[in-house]
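Asks: For reference, this is input26.tsv, and it has TSV, C-alpha atoms.
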```tsv
chain	number	residue	atom	x	y	z
A	1	MET	CA	36.46	16.31	14.02
A	2	VAL	CA	35.66	14.91	10.58
A	3	ASN	CA	35.45	11.36	11.93
A	4	PHE	CA	33.22	12.51	14.77
A	5	LEU	CA	30.79	14.19	12.35
A	6	GLN	CA	30.77	11.10	10.13
A	7	TYR	CA	30.06	8.77	13.03
A	8	ALA	CA	27.41	11.14	14.35
A	9	SER	CA	25.78	11.22	10.92
A	10	ILE	CA	25.78	7.41	10.62
A	11	GLY	CA	24.37	7.17	14.15
A	12	ALA	CA	21.64	9.69	13.32
A	13	ILE	CA	20.61	7.73	10.23
A	14	ALA	CA	20.61	4.43	12.11
A	15	LEU	CA	18.53	5.92	14.91
A	16	THR	CA	16.11	7.43	12.41
A	17	TYR	CA	15.55	4.09	10.67
A	18	LEU	CA	15.08	2.42	14.03
A	19	GLY	CA	12.34	4.93	14.78
A	20	LEU	CA	10.80	4.35	11.35
A	21	GLY	CA	10.73	0.63	12.03
A	22	LEU	CA	9.08	1.06	15.43
A	23	GLY	CA	6.79	3.85	14.25
A	24	TYR	CA	7.62	5.90	17.35
A	25	PHE	CA	10.29	6.73	19.92
A	26	PRO	CA	9.54	5.67	23.52
A	27	GLY	CA	8.63	8.66	25.64
A	28	LEU	CA	8.24	11.01	22.66
A	29	ARG	CA	5.16	11.97	20.68
A	30	MET	CA	6.61	11.32	17.25
A	31	ASN	CA	5.31	9.35	14.29
A	32	ARG	CA	7.08	8.18	11.13
A	33	ALA	CA	6.57	11.53	9.40
A	34	THR	CA	8.14	13.58	12.17
A	35	ILE	CA	10.91	11.04	12.68
A	36	ALA	CA	11.86	11.24	8.98
A	37	LEU	CA	11.69	15.03	9.02
A	38	VAL	CA	13.81	15.38	12.19
A	39	GLY	CA	16.34	12.87	10.85
A	40	SER	CA	16.64	14.90	7.65
A	41	ALA	CA	17.15	18.10	9.63
A	42	VAL	CA	19.92	16.47	11.66
A	43	LEU	CA	21.76	15.45	8.48
A	44	ILE	CA	21.56	19.01	7.22
A	45	ALA	CA	22.75	20.35	10.58
A	46	LEU	CA	25.71	17.93	10.54
A	47	GLY	CA	26.69	19.07	7.06
A	48	VAL	CA	26.03	15.78	5.28
A	49	LEU	CA	23.72	17.63	2.91
A	50	SER	CA	23.07	21.30	2.23
A	51	LEU	CA	19.50	22.55	2.26
A	52	ALA	CA	19.64	22.86	-1.52
A	53	GLU	CA	20.87	19.26	-1.89
A	54	ALA	CA	18.13	18.06	0.46
A	55	TRP	CA	15.48	19.85	-1.57
A	56	GLN	CA	16.83	18.42	-4.82
A	57	ALA	CA	16.74	14.93	-3.32
A	58	ILE	CA	12.93	15.01	-3.14
A	59	ASP	CA	11.41	13.45	-6.26
A	60	PRO	CA	8.62	15.81	-7.41
A	61	LYS	CA	6.96	13.27	-9.71
A	62	THR	CA	6.37	10.86	-6.84
A	63	ILE	CA	4.99	13.52	-4.50
A	64	VAL	CA	2.69	14.99	-7.17
A	65	PHE	CA	1.41	11.58	-8.24
A	66	LEU	CA	0.75	10.48	-4.68
A	67	LEU	CA	-1.00	13.74	-3.73
A	68	SER	CA	-3.12	13.66	-6.88
A	69	MET	CA	-4.22	10.05	-6.35
A	70	MET	CA	-5.23	10.92	-2.77
A	71	ILE	CA	-7.47	13.69	-4.14
A	72	VAL	CA	-9.02	11.27	-6.63
A	73	ASN	CA	-9.63	8.69	-3.88
A	74	ALA	CA	-11.15	11.30	-1.57
A	75	ASN	CA	-13.65	12.34	-4.23
A	76	LEU	CA	-14.59	8.73	-4.95
A	77	ALA	CA	-15.10	8.10	-1.24
A	78	TYR	CA	-17.33	11.14	-0.72
A	79	ALA	CA	-19.32	10.26	-3.84
A	80	GLY	CA	-20.14	6.83	-2.38
A	81	PHE	CA	-18.21	4.85	-4.99
A	82	PHE	CA	-16.61	2.38	-2.58
A	83	GLN	CA	-19.90	1.58	-0.86
A	84	VAL	CA	-21.53	0.97	-4.24
A	85	ALA	CA	-18.60	-1.24	-5.28
A	86	LEU	CA	-18.91	-3.39	-2.15
A	87	ALA	CA	-22.69	-3.62	-2.48
A	88	PHE	CA	-22.27	-4.79	-6.08
A	89	LEU	CA	-19.72	-7.42	-5.09
A	90	LEU	CA	-21.94	-8.78	-2.35
A	91	HIS	CA	-24.87	-8.93	-4.75
A	92	LEU	CA	-22.97	-11.62	-6.65
A	93	THR	CA	-23.13	-14.25	-3.91
A	94	ARG	CA	-25.07	-15.32	-0.81
A	95	SER	CA	-22.74	-17.81	0.88
A	96	PRO	CA	-19.89	-17.42	3.42
A	97	PHE	CA	-17.34	-18.85	0.97
A	98	GLY	CA	-18.74	-16.77	-1.86
A	99	LEU	CA	-18.41	-13.66	0.29
A	100	LEU	CA	-14.78	-14.53	0.94
A	101	VAL	CA	-14.11	-14.92	-2.77
A	102	VAL	CA	-15.82	-11.72	-3.92
A	103	LEU	CA	-14.31	-9.70	-1.07
A	104	THR	CA	-10.85	-11.00	-1.97
A	105	PHE	CA	-11.03	-10.44	-5.71
A	106	GLY	CA	-13.13	-7.28	-5.46
A	107	SER	CA	-10.84	-5.47	-3.04
A	108	GLY	CA	-7.79	-6.87	-4.84
A	109	PHE	CA	-8.99	-5.56	-8.19
A	110	LEU	CA	-9.85	-2.10	-6.86
A	111	SER	CA	-6.55	-1.80	-4.98
A	112	ALA	CA	-4.71	-2.39	-8.25
A	113	PHE	CA	-5.94	0.95	-9.55
A	114	LEU	CA	-6.58	2.97	-6.39
A	115	LEU	CA	-4.28	3.30	-3.39
A	116	ASN	CA	-4.57	0.16	-1.28
A	117	ASP	CA	-4.70	1.85	2.14
A	118	THR	CA	-7.81	3.74	1.03
A	119	LEU	CA	-9.55	0.47	0.25
A	120	ALA	CA	-8.65	-0.91	3.68
A	121	LEU	CA	-9.93	2.21	5.44
A	122	VAL	CA	-13.26	2.25	3.61
A	123	PHE	CA	-13.97	-1.48	3.28
A	124	THR	CA	-13.06	-2.46	6.86
A	125	PRO	CA	-16.12	-0.91	8.61
A	126	LEU	CA	-18.39	-2.14	5.82
A	127	THR	CA	-16.99	-5.67	6.11
A	128	LEU	CA	-17.42	-5.64	9.89
A	129	SER	CA	-21.01	-4.46	9.54
A	130	LEU	CA	-21.73	-7.24	7.06
A	131	THR	CA	-20.21	-10.03	9.17
A	132	GLN	CA	-22.09	-8.79	12.24
A	133	THR	CA	-25.35	-8.92	10.31
A	134	LEU	CA	-24.61	-12.45	9.11
A	135	LYS	CA	-23.31	-13.53	12.54
A	136	LEU	CA	-20.00	-14.62	10.97
A	137	ASN	CA	-16.55	-14.56	12.51
A	138	PRO	CA	-15.04	-11.36	11.02
A	139	ILE	CA	-11.40	-12.40	11.42
A	140	PRO	CA	-11.01	-14.46	8.19
A	141	TYR	CA	-12.80	-11.76	6.20
A	142	LEU	CA	-10.62	-9.02	7.66
A	143	LEU	CA	-7.52	-11.08	6.91
A	144	ALA	CA	-8.80	-11.53	3.37
A	145	LEU	CA	-9.39	-7.80	2.99
A	146	ALA	CA	-5.98	-6.74	4.31
A	147	ALA	CA	-4.05	-9.35	2.32
A	148	ALA	CA	-6.03	-8.73	-0.87
A	149	THR	CA	-5.36	-4.99	-0.78
A	150	ASN	CA	-1.65	-5.75	-0.48
A	151	ILE	CA	-1.56	-8.49	-3.12
A	152	GLY	CA	-3.88	-6.72	-5.55
A	153	SER	CA	-1.87	-3.51	-5.36
A	154	VAL	CA	1.24	-5.27	-6.69
A	155	ALA	CA	-0.39	-5.46	-10.13
A	156	THR	CA	0.00	-1.81	-11.22
A	157	ILE	CA	2.12	1.26	-10.65
A	158	SER	CA	-0.82	3.15	-9.12
A	159	GLY	CA	-1.64	0.41	-6.61
A	160	ASN	CA	0.52	1.58	-3.71
A	161	PRO	CA	3.12	4.22	-2.75
A	162	GLN	CA	6.16	2.00	-3.26
A	163	ASN	CA	5.04	1.09	-6.80
A	164	ILE	CA	4.59	4.80	-7.52
A	165	LEU	CA	8.19	5.32	-6.44
A	166	ILE	CA	9.46	2.48	-8.59
A	167	GLY	CA	7.48	3.66	-11.60
A	168	SER	CA	9.11	7.07	-11.24
A	169	PHE	CA	12.63	5.70	-10.82
A	170	SER	CA	12.56	2.95	-13.43
A	171	GLY	CA	10.56	4.42	-16.28
A	172	ILE	CA	8.67	1.13	-16.73
A	173	GLY	CA	5.39	1.72	-18.60
A	174	TYR	CA	2.06	1.26	-16.86
A	175	VAL	CA	0.94	-1.52	-19.22
A	176	GLU	CA	4.27	-3.37	-19.14
A	177	PHE	CA	4.33	-3.26	-15.34
A	178	ALA	CA	0.79	-4.68	-15.18
A	179	ARG	CA	1.50	-7.32	-17.82
A	180	LEU	CA	4.37	-8.70	-15.78
A	181	LEU	CA	3.01	-8.45	-12.24
A	182	ALA	CA	-0.78	-8.79	-12.61
A	183	PRO	CA	-0.49	-12.61	-12.98
A	184	VAL	CA	1.41	-12.68	-9.66
A	185	ALA	CA	-1.46	-10.78	-8.04
A	186	VAL	CA	-4.11	-13.15	-9.43
A	187	VAL	CA	-2.29	-16.28	-8.25
A	188	GLY	CA	-1.60	-14.66	-4.89
A	189	LEU	CA	-5.30	-13.90	-4.36
A	190	CYS	CA	-6.13	-17.54	-5.13
A	191	LEU	CA	-3.51	-18.68	-2.61
A	192	GLN	CA	-4.91	-16.51	0.16
A	193	ILE	CA	-8.40	-17.92	-0.40
A	194	ALA	CA	-6.99	-21.45	-0.17
A	195	LEU	CA	-5.15	-20.67	3.07
A	196	LEU	CA	-8.20	-19.05	4.70
A	197	TRP	CA	-10.36	-22.00	3.58
A	198	TRP	CA	-7.84	-24.31	5.29
A	199	TYR	CA	-7.53	-22.32	8.53
A	200	TYR	CA	-11.19	-21.33	9.05
A	201	PRO	CA	-13.72	-24.15	8.45
A	202	GLU	CA	-16.64	-21.75	8.96
A	203	VAL	CA	-15.88	-19.96	5.67
A	204	ARG	CA	-16.21	-23.17	3.64
A	205	SER	CA	-20.01	-23.16	3.61
A	206	LEU	CA	-21.68	-22.74	0.22
A	207	GLN	CA	-25.13	-22.48	1.80
A	208	ALA	CA	-26.92	-19.26	0.94
A	209	VAL	CA	-27.68	-16.78	3.71
A	210	PRO	CA	-31.06	-14.97	3.82
A	211	GLY	CA	-31.47	-12.51	0.98
A	212	GLU	CA	-32.02	-9.45	3.12
A	213	ALA	CA	-28.91	-10.15	5.18
A	214	THR	CA	-26.50	-9.53	2.33
A	215	GLN	CA	-27.80	-6.06	1.52
A	216	VAL	CA	-25.40	-3.18	2.18
A	217	SER	CA	-26.97	0.23	2.54
A	218	TYR	CA	-25.23	3.07	0.77
A	219	ARG	CA	-25.82	6.65	-0.20
A	220	ILE	CA	-24.43	8.25	-3.32
A	221	TYR	CA	-24.20	11.88	-4.41
A	222	ARG	CA	-25.14	11.41	-8.03
A	223	PRO	CA	-23.49	14.45	-9.72
A	224	LEU	CA	-20.25	13.96	-7.77
A	225	PHE	CA	-20.42	10.20	-8.36
A	226	ILE	CA	-20.72	10.58	-12.13
A	227	LYS	CA	-18.00	13.21	-12.33
A	228	SER	CA	-15.57	11.27	-10.13
A	229	VAL	CA	-16.07	7.97	-11.94
A	230	VAL	CA	-15.77	9.52	-15.41
A	231	ILE	CA	-12.58	11.39	-14.52
A	232	THR	CA	-11.10	8.31	-12.83
A	233	LEU	CA	-11.83	6.15	-15.87
A	234	ALA	CA	-10.27	8.80	-18.10
A	235	LEU	CA	-7.23	8.84	-15.81
A	236	LEU	CA	-6.79	5.06	-15.94
A	237	THR	CA	-7.18	5.19	-19.74
A	238	SER	CA	-4.45	7.81	-19.93
A	239	PHE	CA	-2.16	5.53	-17.92
A	240	VAL	CA	-2.76	2.72	-20.40
A	241	LEU	CA	-2.09	5.07	-23.34
A	242	GLY	CA	1.27	6.02	-21.90
A	243	VAL	CA	0.58	9.56	-20.70
A	244	PRO	CA	3.12	10.52	-17.98
A	245	LEU	CA	1.66	9.35	-14.68
A	246	ALA	CA	2.26	12.39	-12.49
A	247	GLU	CA	1.01	14.87	-15.09
A	248	ALA	CA	-2.12	12.83	-15.85
A	249	ALA	CA	-2.96	12.39	-12.17
A	250	LEU	CA	-2.42	16.09	-11.45
A	251	VAL	CA	-4.81	17.13	-14.23
A	252	ALA	CA	-7.44	14.66	-12.98
A	253	ALA	CA	-7.09	15.96	-9.42
A	254	ALA	CA	-7.36	19.55	-10.63
A	255	LEU	CA	-10.56	18.80	-12.54
A	256	LEU	CA	-12.08	17.20	-9.45
A	257	LEU	CA	-11.18	20.23	-7.34
A	258	ILE	CA	-13.22	22.47	-9.65
A	259	THR	CA	-16.60	21.93	-8.00
A	260	ARG	CA	-19.63	23.60	-6.44
A	261	ARG	CA	-20.65	20.54	-4.44
A	262	LEU	CA	-17.78	19.66	-2.14
A	263	LYS	CA	-15.99	22.06	0.17
A	264	PRO	CA	-12.25	21.99	-0.47
A	265	GLU	CA	-11.57	21.51	3.24
A	266	ARG	CA	-13.34	18.15	3.15
A	267	VAL	CA	-11.10	16.86	0.37
A	268	LEU	CA	-7.89	18.33	1.81
A	269	ASN	CA	-8.68	16.84	5.22
A	270	GLU	CA	-8.59	13.39	3.60
A	271	ILE	CA	-5.06	13.90	2.25
A	272	ASP	CA	-2.50	11.88	4.16
A	273	TRP	CA	-0.09	14.77	4.75
A	274	ASN	CA	1.88	12.59	7.15
A	275	LEU	CA	2.70	10.23	4.29
A	276	LEU	CA	3.80	13.07	2.02
A	277	VAL	CA	6.03	14.53	4.73
A	278	MET	CA	7.47	11.09	5.45
A	279	PHE	CA	8.21	10.55	1.75
A	280	SER	CA	10.01	13.90	1.54
A	281	GLY	CA	12.10	13.10	4.61
A	282	LEU	CA	12.92	9.64	3.31
A	283	PHE	CA	14.19	11.02	0.01
A	284	ILE	CA	16.59	13.22	1.98
A	285	LEU	CA	17.65	10.38	4.27
A	286	THR	CA	18.35	8.16	1.28
A	287	ARG	CA	20.55	10.81	-0.30
A	288	GLY	CA	22.42	11.05	2.99
A	289	THR	CA	23.02	7.29	3.13
A	290	GLN	CA	24.38	7.46	-0.41
A	291	LYS	CA	26.83	10.22	0.46
A	292	LEU	CA	28.02	8.29	3.51
A	293	ASN	CA	28.36	5.07	1.43
A	294	MET	CA	26.17	3.13	3.85
A	295	LEU	CA	24.55	1.03	1.11
A	296	ALA	CA	27.69	-0.96	0.22
A	297	PRO	CA	26.74	-4.04	2.36
A	298	PHE	CA	23.56	-4.51	0.31
A	299	THR	CA	25.22	-4.42	-3.12
A	300	ALA	CA	26.08	-8.12	-3.29
A	301	TRP	CA	22.58	-9.11	-2.20
A	302	VAL	CA	20.85	-6.92	-4.77
A	303	ASP	CA	22.81	-8.44	-7.64
A	304	ASP	CA	21.17	-11.84	-7.00
A	305	PRO	CA	17.38	-12.23	-7.58
A	306	ALA	CA	16.84	-14.34	-4.46
A	307	GLY	CA	19.02	-12.00	-2.43
A	308	LEU	CA	17.11	-8.96	-3.69
A	309	LEU	CA	13.77	-10.49	-2.73
A	310	GLY	CA	15.11	-11.59	0.64
A	311	VAL	CA	16.70	-8.29	1.65
A	312	THR	CA	13.65	-6.38	0.40
A	313	ALA	CA	11.28	-8.53	2.46
A	314	ILE	CA	13.42	-8.23	5.58
A	315	LEU	CA	13.91	-4.47	5.30
A	316	SER	CA	10.23	-3.95	4.50
A	317	ASN	CA	9.28	-5.55	7.80
A	318	LEU	CA	12.05	-3.87	9.78
A	319	ILE	CA	11.73	-0.29	8.53
A	320	SER	CA	8.54	-0.44	6.37
A	321	ASN	CA	8.28	-0.92	2.61
A	322	VAL	CA	8.66	2.67	1.38
A	323	PRO	CA	11.94	3.29	3.28
A	324	ALA	CA	13.16	-0.12	2.10
A	325	VAL	CA	12.51	0.78	-1.55
A	326	LEU	CA	14.27	4.11	-1.17
A	327	LEU	CA	17.28	2.43	0.44
A	328	ILE	CA	17.64	-0.19	-2.30
A	329	GLU	CA	16.77	2.07	-5.24
A	330	PRO	CA	20.28	3.57	-5.72
A	331	LEU	CA	21.70	0.06	-6.15
A	332	ILE	CA	19.55	-0.78	-9.21
A	333	SER	CA	20.25	0.59	-12.68
A	334	ARG	CA	17.37	2.21	-14.55
A	335	GLU	CA	17.52	-0.41	-17.32
A	336	ASP	CA	17.28	-3.42	-14.98
A	337	THR	CA	13.55	-4.07	-15.36
A	338	ARG	CA	13.69	-7.47	-13.68
A	339	SER	CA	15.19	-6.08	-10.50
A	340	TRP	CA	12.72	-3.19	-10.37
A	341	LEU	CA	9.82	-5.61	-10.66
A	342	MET	CA	11.26	-7.86	-7.96
A	343	LEU	CA	11.76	-4.85	-5.72
A	344	ALA	CA	8.15	-3.75	-6.26
A	345	ALA	CA	6.73	-7.22	-5.64
A	346	GLY	CA	9.01	-7.98	-2.69
A	347	ALA	CA	8.27	-4.71	-0.88
A	348	THR	CA	4.53	-5.13	-1.35
A	349	LEU	CA	4.04	-8.84	-0.73
A	350	ALA	CA	6.28	-8.73	2.35
A	351	GLY	CA	3.59	-6.55	3.92
A	352	ASN	CA	1.52	-9.69	4.49
A	353	LEU	CA	4.22	-11.35	6.62
A	354	SER	CA	3.32	-9.91	10.01
A	355	LEU	CA	0.64	-7.80	11.64
A	356	PHE	CA	2.99	-4.81	11.52
A	357	GLY	CA	4.07	-5.36	7.92
A	358	ALA	CA	1.50	-3.06	6.32
A	359	VAL	CA	-0.87	-0.28	7.32
A	360	ALA	CA	-3.84	-2.29	6.04
A	361	ASN	CA	-3.10	-5.05	8.57
A	362	LEU	CA	-3.15	-2.60	11.47
A	363	ILE	CA	-6.33	-0.91	10.22
A	364	THR	CA	-8.24	-4.20	10.21
A	365	ALA	CA	-6.80	-5.39	13.55
A	366	GLU	CA	-7.73	-2.17	15.34
A	367	ALA	CA	-11.22	-2.17	13.83
A	368	ALA	CA	-11.79	-5.76	14.95
A	369	ALA	CA	-10.56	-4.96	18.48
A	370	ARG	CA	-13.16	-2.19	18.84
A	371	LEU	CA	-15.85	-4.81	18.34
A	372	GLY	CA	-14.31	-7.23	20.81
A	373	TYR	CA	-12.54	-9.51	18.31
A	374	LYS	CA	-8.81	-9.98	18.87
A	375	LEU	CA	-6.60	-10.49	15.85
A	376	THR	CA	-3.32	-11.42	17.52
A	377	PHE	CA	0.17	-11.18	16.10
A	378	TRP	CA	0.48	-14.98	16.02
A	379	GLU	CA	-2.88	-15.59	14.39
A	380	HIS	CA	-1.91	-13.19	11.63
A	381	LEU	CA	1.57	-14.74	11.35
A	382	ARG	CA	0.28	-18.30	10.79
A	383	PHE	CA	-1.62	-16.94	7.78
A	384	GLY	CA	0.81	-14.26	6.64
A	385	LEU	CA	4.04	-16.25	6.79
A	386	PRO	CA	3.09	-19.04	4.35
A	387	LEU	CA	1.27	-16.55	2.12
A	388	THR	CA	4.36	-14.33	1.92
A	389	VAL	CA	6.76	-17.22	1.30
A	390	LEU	CA	4.56	-18.68	-1.45
A	391	THR	CA	3.91	-15.39	-3.23
A	392	LEU	CA	7.60	-14.39	-3.13
A	393	ALA	CA	8.50	-17.79	-4.56
A	394	ILE	CA	6.05	-17.15	-7.41
A	395	VAL	CA	7.71	-13.78	-8.07
A	396	TYR	CA	11.15	-15.39	-8.09
A	397	PHE	CA	10.26	-17.97	-10.75
A	398	TRP	CA	7.90	-15.75	-12.77
A	399	VAL	CA	9.92	-12.54	-13.06
A	400	ARG	CA	13.42	-13.97	-13.45
```
Can I see the file as structure tokens?
Replies:
Amino acid sequence: MVNFLQYASIGAIALTYLGLGLGYFPGLRMNRATIALVGSAVLIALGVLSLAEAWQAIDPKTIVFLLSMMIVNANLAYAGFFQVALAFLLHLTRSPFGLLVVLTFGSGFLSAFLLNDTLALVFTPLTLSLTQTLKLNPIPYLLALAAATNIGSVATISGNPQNILIGSFSGIGYVEFARLLAPVAVVGLCLQIALLWWYYPEVRSLQAVPGEATQVSYRIYRPLFIKSVVITLALLTSFVLGVPLAEAALVAAALLLITRRLKPERVLNEIDWNLLVMFSGLFILTRGTQKLNMLAPFTAWVDDPAGLLGVTAILSNLISNVPAVLLIEPLISREDTRSWLMLAAGATLAGNLSLFGAVANLITAEAAARLGYKLTFWEHLRFGLPLTVLTLAIVYFWVR
């Protein structure tokens, strides 16, 4: 009976991670959040974990930090900050190549401090509108946007969910993390510009487009704009000063929720509750894999820098980057800063490998399809594969 329950538990975990990799189960209306939650419930039902153990497995700092940053991003979006940021970037240049450069570095810089998926969601329709106005092929610009939000987010702990996890687990300071990985992000952004310049001759032009064509219309809500920007700047300053990340973000979110201008429903509707539920389920699943000793095959790989990068990149594309980080996390000691940084960089940069490697890739592909432009798996792969290999090689030689 014991062996049957153990095999059933291992089978349940394997099936759950298969569903997480696919993003669905054929014939069922389930997404990654519900798959993670159901998988966790099965482990509890099979006796692998008690309900109390499952609850204790959820890391509160990660959940609070992620929720708080979503509230900050929602307020910035409603205030018109992202539209103003894009309009400012496009004011700097009037050529197709210049647009590629400012879009790359602009979105990369912003994604380093604000969650990268938010940037992809907001900037994608604005980028499509701009390229339509200029009669430019949107595909290279959408590739630039998606890749830049991934690469830029590697620079700081607050850039993406997997970095938030690693910051919580490792105890690495915000400034130290940025000092070590920001150079990787900068070089990676330069590499993606070079690759897009090589693949798409139409972006090479330095000839200025008509002045009126580069204007992006935007609307800001001035009181909310000022309040959101001031609080966000104060939050980023607190990160630099070493204030605990989750606590600082929670206070900033709370201050933004004290308002007469924005209905709370509008902000709460922008929270990605699916992501928070998925995170909670993944914490429980990871604890279950630990108890069943399913992580032993990865131990030898994680001890070697190249092996750690390789297994992280593979798992990130098979089961997504957040589950990959949670699977590997128990195998890394808290003091091993090098391995934590490699895990963060590998899980993030591997998102550029394929069309399904990161949410930002899918956002841009679906948006392009609605306008009749097809970004195929293979077109993305010919750009994403060399970009991923080159950036991971940079991480290997820089961090070690």
Asks: May I ask which of the residues A:Leu196, A:Met30, A:Leu145, A:Leu285 is the closest one to A:Ile10, counting only C-alpha atoms?
Replies: A:Leu285
Asks: Counting all atoms listed in the file, figure out which residue out of A:Ala344, A:Ala306, A:Ala146, A:Leu126 gets nearest to A:Val84.
Replies: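 Residue with the minimum atom-to-atom distance to A:Val84: A:Leu126.
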Asks: So what do you get for atom CA of A:Val187 versus atom CA of A:Val229, distance-wise?
Replies: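 Atom-to-atom, atom CA of A:Val187 and atom CA of A:Val229 are spaced 28.1 Å apart.
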Asks: Extract, using all atoms listed in the file, all DNA, RNA and protein residues at most 9 Å from A:Ile35, discarding same-chain residues fewer than 4 positions from it, and format them as a CSV table (one decimal) with C-alpha atoms, in the frame of the given file.
Replies:
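Listed below is the output, selection-v4.csv:
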```csv
chain,number,residue,atom,x,y,z
A,16,THR,CA,16.1,7.4,12.4
A,17,TYR,CA,15.6,4.1,10.7
A,19,GLY,CA,12.3,4.9,14.8
A,20,LEU,CA,10.8,4.4,11.4
A,23,GLY,CA,6.8,3.8,14.2
A,24,TYR,CA,7.6,5.9,17.4
A,25,PHE,CA,10.3,6.7,19.9
A,30,MET,CA,6.6,11.3,17.2
A,31,ASN,CA,5.3,9.4,14.3
A,39,GLY,CA,16.3,12.9,10.8
A,40,SER,CA,16.6,14.9,7.6
A,278,MET,CA,7.5,11.1,5.4
A,281,GLY,CA,12.1,13.1,4.6
```
Asks: When you draw a straight line from atom CA of A:Val302 to atom CA of A:Gly159, how long is it in Å?
Replies: 23.7 Å
Asks: Pick from A:Ile71, A:Leu134, A:Leu28, A:Leu181: nearest to A:Thr118, with only C-alpha atoms counted?
Replies: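 Checking each candidate against A:Thr118, we get A:Ile71 as the closest.
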Asks: Which residue out of A:Leu250, A:Ile220, A:Ile271, A:Ile363 has the minimum interatomic distance to A:Ala147 when all atoms listed in the file are used?
Replies: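 Smallest distance to A:Ala147 is found for A:Ile363.
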Asks: Residues near A:Pro323, anyone? I mean within 12 Å using all atoms listed in the file, not counting same-chain ones fewer than 4 positions away, as a ChimeraX atom specification.
Replies: /A:13,16-21,32-33,36,161-162,165,275,278-287,289,312-319,327-329,347
